Amino acid sequence: MIRIMFVCHGNICRSTMAEFVMKDMIKKEGLSDKVYVASSATSREEIGNPVHYGTRNKLREHGISTDGKYAVQLTKNDYKEYDYILGMDSYNIRNILRITDGDPEGKVSKLLDLTSGRDIADPWYTGNFDETYDDVVEGCEALLKKIQEKIDK
């Protein structure tokens with residue numbers, strides 16, 4: 001089983017969006033028994049809170065539900081449990097590395113390192129959930145391709 005953790009600051013916007021977009025892609029490809037997907041936060045600010053309404057609404061437009069998701073924090077132990085730990089921006093990467101005490105196995109990267117290397121803007125501040133969704137889809141499609149190649153080997 002390949003295990004993926006998406007990470008952002010609060011786990012209510014970007015990482016949650018990536019989690020549920022990726023789960024939808026995995027399900028459509030028939031890989032649910034081979035890939036596990038989760039998301040978490042680097043901060044404690046939103047722990048226990050539901051998904052931001054902007055993320056919920058954007059995903060609902062695409063037939064994707066976030067029911068039952070509440071923000072959780074990344075832990076040091078998650079480093080052992082996951083094969084890919086994907087932050088949404090450079091700030092998240094610094095905090096992920098702080099929480100995990102580094103990245104000796106090369107598991108940590110930005111989601112868009114698989115494409116352009118850009119940061120994914122936080123819609124909490126920008127209000128632009130459309131742009132965030134497009135970036136998340138771009139990154140998840142690239143990640144799915146990488147995982148499919150790994151599974152096919």
# chains A, B, ... in the order shown; residues from 1 in each chain; ligands from 1

$ residues_around --residues "Gly87 in chain A" --least-positions-apart "2" --cutoff "12 Å" --atoms "only C-alpha atoms" --output "PyMOL selection string"
chain A and resi 4-11+14-16+18-19+39-42+74+84-85+89-97+107-114+117-122+136+139

$ closest_residue --among "A:Lys145, A:Arg3, A:Lys69, A:Arg60" --to "Glu29 in chain A" --atoms "only C-alpha atoms"
A:Lys145

$ residues_around --residues "Thr100 in chain A" --least-positions-apart "3" --cutoff "8 Å" --atoms "only C-alpha atoms" --output "list of chain:residue names"
A:Thr75, A:Lys76, A:Asn77, A:Asp78, A:Tyr79, A:Ile96, A:Leu97, A:Asp103

$ select_by_dssp --residues "range 103-142 of chain A" --states "alpha helix (DSSP H)" --output "JSON, numbers by chain"
{"A": [123, 124, 125, 126, 129, 130, 131, 132, 133, 134, 135, 136, 137, 138, 139, 140, 141, 142]}

$ write_last_selection --atoms "N, CA, C and O atoms" --output "PDB file, in the first residue's frame"
ATOM      1  N   PRO A 123      -6.133  29.746  -0.199  1.00  0.00           N
ATOM      2  CA  PRO A 123      -7.375  30.470  -0.456  1.00  0.00           C
ATOM      3  C   PRO A 123      -7.987  31.089   0.798  1.00  0.00           C
ATOM      4  O   PRO A 123      -8.889  31.914   0.694  1.00  0.00           O
ATOM      5  N   TRP A 124      -7.487  30.701   1.960  1.00  0.00           N
ATOM      6  CA  TRP A 124      -7.920  31.360   3.202  1.00  0.00           C
ATOM      7  C   TRP A 124      -7.628  32.854   3.093  1.00  0.00           C
ATOM      8  O   TRP A 124      -8.400  33.690   3.540  1.00  0.00           O
ATOM      9  N   TYR A 125      -6.484  33.175   2.459  1.00  0.00           N
ATOM     10  CA  TYR A 125      -6.071  34.568   2.294  1.00  0.00           C
ATOM     11  C   TYR A 125      -6.487  35.155   0.954  1.00  0.00           C
ATOM     12  O   TYR A 125      -6.870  36.315   0.879  1.00  0.00           O
ATOM     13  N   THR A 126      -6.390  34.355  -0.121  1.00  0.00           N
ATOM     14  CA  THR A 126      -6.678  34.884  -1.456  1.00  0.00           C
ATOM     15  C   THR A 126      -8.170  34.891  -1.779  1.00  0.00           C
ATOM     16  O   THR A 126      -8.613  35.671  -2.613  1.00  0.00           O
ATOM     17  N   PHE A 129     -10.629  30.000  -4.511  1.00  0.00           N
ATOM     18  CA  PHE A 129     -10.668  28.542  -4.425  1.00  0.00           C
ATOM     19  C   PHE A 129     -10.580  27.896  -5.802  1.00  0.00           C
ATOM     20  O   PHE A 129     -10.158  26.749  -5.908  1.00  0.00           O
ATOM     21  N   ASP A 130     -10.955  28.630  -6.856  1.00  0.00           N
ATOM     22  CA  ASP A 130     -10.836  28.102  -8.220  1.00  0.00           C
ATOM     23  C   ASP A 130      -9.366  27.891  -8.580  1.00  0.00           C
ATOM     24  O   ASP A 130      -8.995  26.834  -9.102  1.00  0.00           O
ATOM     25  N   GLU A 131      -8.538  28.895  -8.327  1.00  0.00           N
ATOM     26  CA  GLU A 131      -7.109  28.787  -8.629  1.00  0.00           C
ATOM     27  C   GLU A 131      -6.462  27.672  -7.803  1.00  0.00           C
ATOM     28  O   GLU A 131      -5.676  26.882  -8.326  1.00  0.00           O
ATOM     29  N   THR A 132      -6.803  27.606  -6.539  1.00  0.00           N
ATOM     30  CA  THR A 132      -6.256  26.548  -5.682  1.00  0.00           C
ATOM     31  C   THR A 132      -6.671  25.185  -6.202  1.00  0.00           C
ATOM     32  O   THR A 132      -5.848  24.266  -6.289  1.00  0.00           O
ATOM     33  N   TYR A 133      -7.922  25.045  -6.575  1.00  0.00           N
ATOM     34  CA  TYR A 133      -8.413  23.768  -7.118  1.00  0.00           C
ATOM     35  C   TYR A 133      -7.625  23.377  -8.374  1.00  0.00           C
ATOM     36  O   TYR A 133      -7.183  22.226  -8.496  1.00  0.00           O
ATOM     37  N   ASP A 134      -7.439  24.310  -9.290  1.00  0.00           N
ATOM     38  CA  ASP A 134      -6.694  24.014 -10.520  1.00  0.00           C
ATOM     39  C   ASP A 134      -5.271  23.554 -10.209  1.00  0.00           C
ATOM     40  O   ASP A 134      -4.771  22.595 -10.811  1.00  0.00           O
ATOM     41  N   ASP A 135      -4.608  24.228  -9.264  1.00  0.00           N
ATOM     42  CA  ASP A 135      -3.244  23.833  -8.876  1.00  0.00           C
ATOM     43  C   ASP A 135      -3.230  22.454  -8.222  1.00  0.00           C
ATOM     44  O   ASP A 135      -2.345  21.633  -8.492  1.00  0.00           O
ATOM     45  N   VAL A 136      -4.195  22.199  -7.362  1.00  0.00           N
ATOM     46  CA  VAL A 136      -4.281  20.898  -6.694  1.00  0.00           C
ATOM     47  C   VAL A 136      -4.492  19.786  -7.719  1.00  0.00           C
ATOM     48  O   VAL A 136      -3.836  18.749  -7.660  1.00  0.00           O
ATOM     49  N   VAL A 137      -5.385  19.999  -8.662  1.00  0.00           N
ATOM     50  CA  VAL A 137      -5.635  18.996  -9.705  1.00  0.00           C
ATOM     51  C   VAL A 137      -4.358  18.753 -10.513  1.00  0.00           C
ATOM     52  O   VAL A 137      -3.998  17.601 -10.781  1.00  0.00           O
ATOM     53  N   GLU A 138      -3.650  19.819 -10.872  1.00  0.00           N
ATOM     54  CA  GLU A 138      -2.392  19.687 -11.620  1.00  0.00           C
ATOM     55  C   GLU A 138      -1.399  18.804 -10.843  1.00  0.00           C
ATOM     56  O   GLU A 138      -0.810  17.877 -11.403  1.00  0.00           O
ATOM     57  N   GLY A 139      -1.238  19.083  -9.577  1.00  0.00           N
ATOM     58  CA  GLY A 139      -0.308  18.306  -8.760  1.00  0.00           C
ATOM     59  C   GLY A 139      -0.761  16.874  -8.556  1.00  0.00           C
ATOM     60  O   GLY A 139       0.048  15.936  -8.637  1.00  0.00           O
ATOM     61  N   CYS A 140      -2.036  16.675  -8.295  1.00  0.00           N
ATOM     62  CA  CYS A 140      -2.550  15.325  -8.065  1.00  0.00           C
ATOM     63  C   CYS A 140      -2.484  14.470  -9.325  1.00  0.00           C
ATOM     64  O   CYS A 140      -2.192  13.269  -9.249  1.00  0.00           O
ATOM     65  N   GLU A 141      -2.733  15.073 -10.487  1.00  0.00           N
ATOM     66  CA  GLU A 141      -2.606  14.310 -11.739  1.00  0.00           C
ATOM     67  C   GLU A 141      -1.168  13.843 -11.939  1.00  0.00           C
ATOM     68  O   GLU A 141      -0.933  12.692 -12.329  1.00  0.00           O
ATOM     69  N   ALA A 142      -0.215  14.707 -11.667  1.00  0.00           N
ATOM     70  CA  ALA A 142       1.200  14.332 -11.799  1.00  0.00           C
ATOM     71  C   ALA A 142       1.572  13.259 -10.777  1.00  0.00           C
ATOM     72  O   ALA A 142       2.295  12.304 -11.106  1.00  0.00           O
TER      73      ALA A 142
END

$ closest_residue --among "A:Leu31, A:Met22, A:Ile12, A:Ile64" --to "Glu45 in chain A" --atoms "only C-alpha atoms"
A:Ile12

$ select_by_dssp --residues "chain A" --states "strand (DSSP E or B)" --output "PyMOL selection string"
chain A and resi 2-8+35-41+50+70+73+84-87+108-110

$ write_last_selection --atoms "N, CA, C and O atoms" --output "mmCIF file, in the first residue's frame"
data_model
loop_
_atom_site.group_PDB
_atom_site.id
_atom_site.type_symbol
_atom_site.label_atom_id
_atom_site.label_comp_id
_atom_site.auth_asym_id
_atom_site.auth_seq_id
_atom_site.Cartn_x
_atom_site.Cartn_y
_atom_site.Cartn_z
ATOM 1 N N ILE A 2 0.612 2.134 -0.941
ATOM 2 C CA ILE A 2 1.294 3.422 -1.009
ATOM 3 C C ILE A 2 0.500 4.401 -0.155
ATOM 4 O O ILE A 2 -0.721 4.503 -0.289
ATOM 5 N N ARG A 3 1.201 5.122 0.718
ATOM 6 C CA ARG A 3 0.540 6.029 1.655
ATOM 7 C C ARG A 3 0.978 7.468 1.391
ATOM 8 O O ARG A 3 2.168 7.762 1.385
ATOM 9 N N ILE A 4 -0.028 8.350 1.195
ATOM 10 C CA ILE A 4 0.209 9.751 0.841
ATOM 11 C C ILE A 4 -0.379 10.655 1.914
ATOM 12 O O ILE A 4 -1.534 10.489 2.302
ATOM 13 N N MET A 5 0.414 11.642 2.360
ATOM 14 C CA MET A 5 -0.063 12.656 3.308
ATOM 15 C C MET A 5 0.110 14.022 2.668
ATOM 16 O O MET A 5 1.223 14.407 2.298
ATOM 17 N N PHE A 6 -0.999 14.756 2.522
ATOM 18 C CA PHE A 6 -0.969 16.141 2.058
ATOM 19 C C PHE A 6 -0.972 17.045 3.286
ATOM 20 O O PHE A 6 -1.708 16.785 4.244
ATOM 21 N N VAL A 7 -0.169 18.124 3.238
ATOM 22 C CA VAL A 7 -0.023 18.979 4.412
ATOM 23 C C VAL A 7 -0.103 20.455 4.020
ATOM 24 O O VAL A 7 0.510 20.879 3.032
ATOM 25 N N CYS A 8 -0.863 21.221 4.827
ATOM 26 C CA CYS A 8 -0.871 22.675 4.709
ATOM 27 C C CYS A 8 -0.874 23.265 6.113
ATOM 28 O O CYS A 8 -0.691 22.539 7.087
ATOM 29 N N VAL A 35 -3.669 2.451 -2.671
ATOM 30 C CA VAL A 35 -3.217 3.785 -2.265
ATOM 31 C C VAL A 35 -4.100 4.311 -1.138
ATOM 32 O O VAL A 35 -5.329 4.296 -1.248
ATOM 33 N N TYR A 36 -3.456 4.781 -0.073
ATOM 34 C CA TYR A 36 -4.150 5.397 1.059
ATOM 35 C C TYR A 36 -3.790 6.877 1.075
ATOM 36 O O TYR A 36 -2.613 7.229 0.927
ATOM 37 N N VAL A 37 -4.781 7.747 1.265
ATOM 38 C CA VAL A 37 -4.564 9.190 1.218
ATOM 39 C C VAL A 37 -5.140 9.856 2.471
ATOM 40 O O VAL A 37 -6.259 9.541 2.892
ATOM 41 N N ALA A 38 -4.368 10.787 3.043
ATOM 42 C CA ALA A 38 -4.809 11.552 4.208
ATOM 43 C C ALA A 38 -4.270 12.975 4.091
ATOM 44 O O ALA A 38 -3.502 13.291 3.174
ATOM 45 N N SER A 39 -4.650 13.826 5.046
ATOM 46 C CA SER A 39 -4.115 15.185 5.078
ATOM 47 C C SER A 39 -4.005 15.648 6.521
ATOM 48 O O SER A 39 -4.676 15.120 7.412
ATOM 49 N N SER A 40 -3.145 16.651 6.726
ATOM 50 C CA SER A 40 -2.924 17.169 8.075
ATOM 51 C C SER A 40 -2.393 18.599 8.004
ATOM 52 O O SER A 40 -2.108 19.121 6.932
ATOM 53 N N ALA A 41 -2.237 19.192 9.197
ATOM 54 C CA ALA A 41 -1.786 20.574 9.338
ATOM 55 C C ALA A 41 -0.425 20.623 10.011
ATOM 56 O O ALA A 41 -0.064 19.727 10.767
ATOM 57 N N PRO A 50 -14.056 21.681 10.983
ATOM 58 C CA PRO A 50 -14.429 21.060 9.708
ATOM 59 C C PRO A 50 -13.741 21.758 8.542
ATOM 60 O O PRO A 50 -13.121 22.809 8.691
ATOM 61 N N TYR A 70 -12.190 16.420 9.664
ATOM 62 C CA TYR A 70 -11.875 17.479 10.623
ATOM 63 C C TYR A 70 -10.360 17.620 10.673
ATOM 64 O O TYR A 70 -9.634 16.635 10.513
ATOM 65 N N GLN A 73 -3.356 17.423 13.144
ATOM 66 C CA GLN A 73 -1.989 17.919 13.009
ATOM 67 C C GLN A 73 -1.045 16.796 12.605
ATOM 68 O O GLN A 73 -1.168 15.654 13.074
ATOM 69 N N TYR A 84 4.840 9.406 0.890
ATOM 70 C CA TYR A 84 4.902 10.748 0.309
ATOM 71 C C TYR A 84 4.281 11.724 1.299
ATOM 72 O O TYR A 84 3.157 11.508 1.762
ATOM 73 N N ILE A 85 5.009 12.794 1.608
ATOM 74 C CA ILE A 85 4.489 13.857 2.455
ATOM 75 C C ILE A 85 4.617 15.141 1.647
ATOM 76 O O ILE A 85 5.725 15.622 1.404
ATOM 77 N N LEU A 86 3.473 15.638 1.193
ATOM 78 C CA LEU A 86 3.448 16.713 0.207
ATOM 79 C C LEU A 86 2.862 17.993 0.787
ATOM 80 O O LEU A 86 1.676 18.054 1.112
ATOM 81 N N GLY A 87 3.711 18.997 0.918
ATOM 82 C CA GLY A 87 3.279 20.305 1.395
ATOM 83 C C GLY A 87 2.774 21.157 0.249
ATOM 84 O O GLY A 87 3.101 20.919 -0.914
ATOM 85 N N VAL A 108 9.593 14.122 1.594
ATOM 86 C CA VAL A 108 8.933 15.425 1.689
ATOM 87 C C VAL A 108 9.209 16.274 0.448
ATOM 88 O O VAL A 108 10.354 16.420 0.034
ATOM 89 N N SER A 109 8.142 16.825 -0.129
ATOM 90 C CA SER A 109 8.281 17.770 -1.238
ATOM 91 C C SER A 109 7.010 18.597 -1.332
ATOM 92 O O SER A 109 6.012 18.297 -0.688
ATOM 93 N N LYS A 110 7.064 19.642 -2.158
ATOM 94 C CA LYS A 110 5.850 20.399 -2.459
ATOM 95 C C LYS A 110 5.056 19.614 -3.500
ATOM 96 O O LYS A 110 5.640 18.979 -4.385
#

$ closest_residue --among "A:Ser32, A:Thr55, A:Ser65, A:Thr115" --to "Leu143 in chain A" --atoms "only C-alpha atoms"
A:Thr115

$ atom_distance --atom1 "CA of Gly127 in chain A" --atom2 "CA of Val72 in chain A"
22.3 Å

$ atom_distance --atom1 "CA of Ser43 in chain A" --atom2 "CA of Arg98 in chain A"
11.5 Å

$ atom_distance --atom1 "CA of Lys28 in chain A" --atom2 "CA of Lys150 in chain A"
17.7 Å
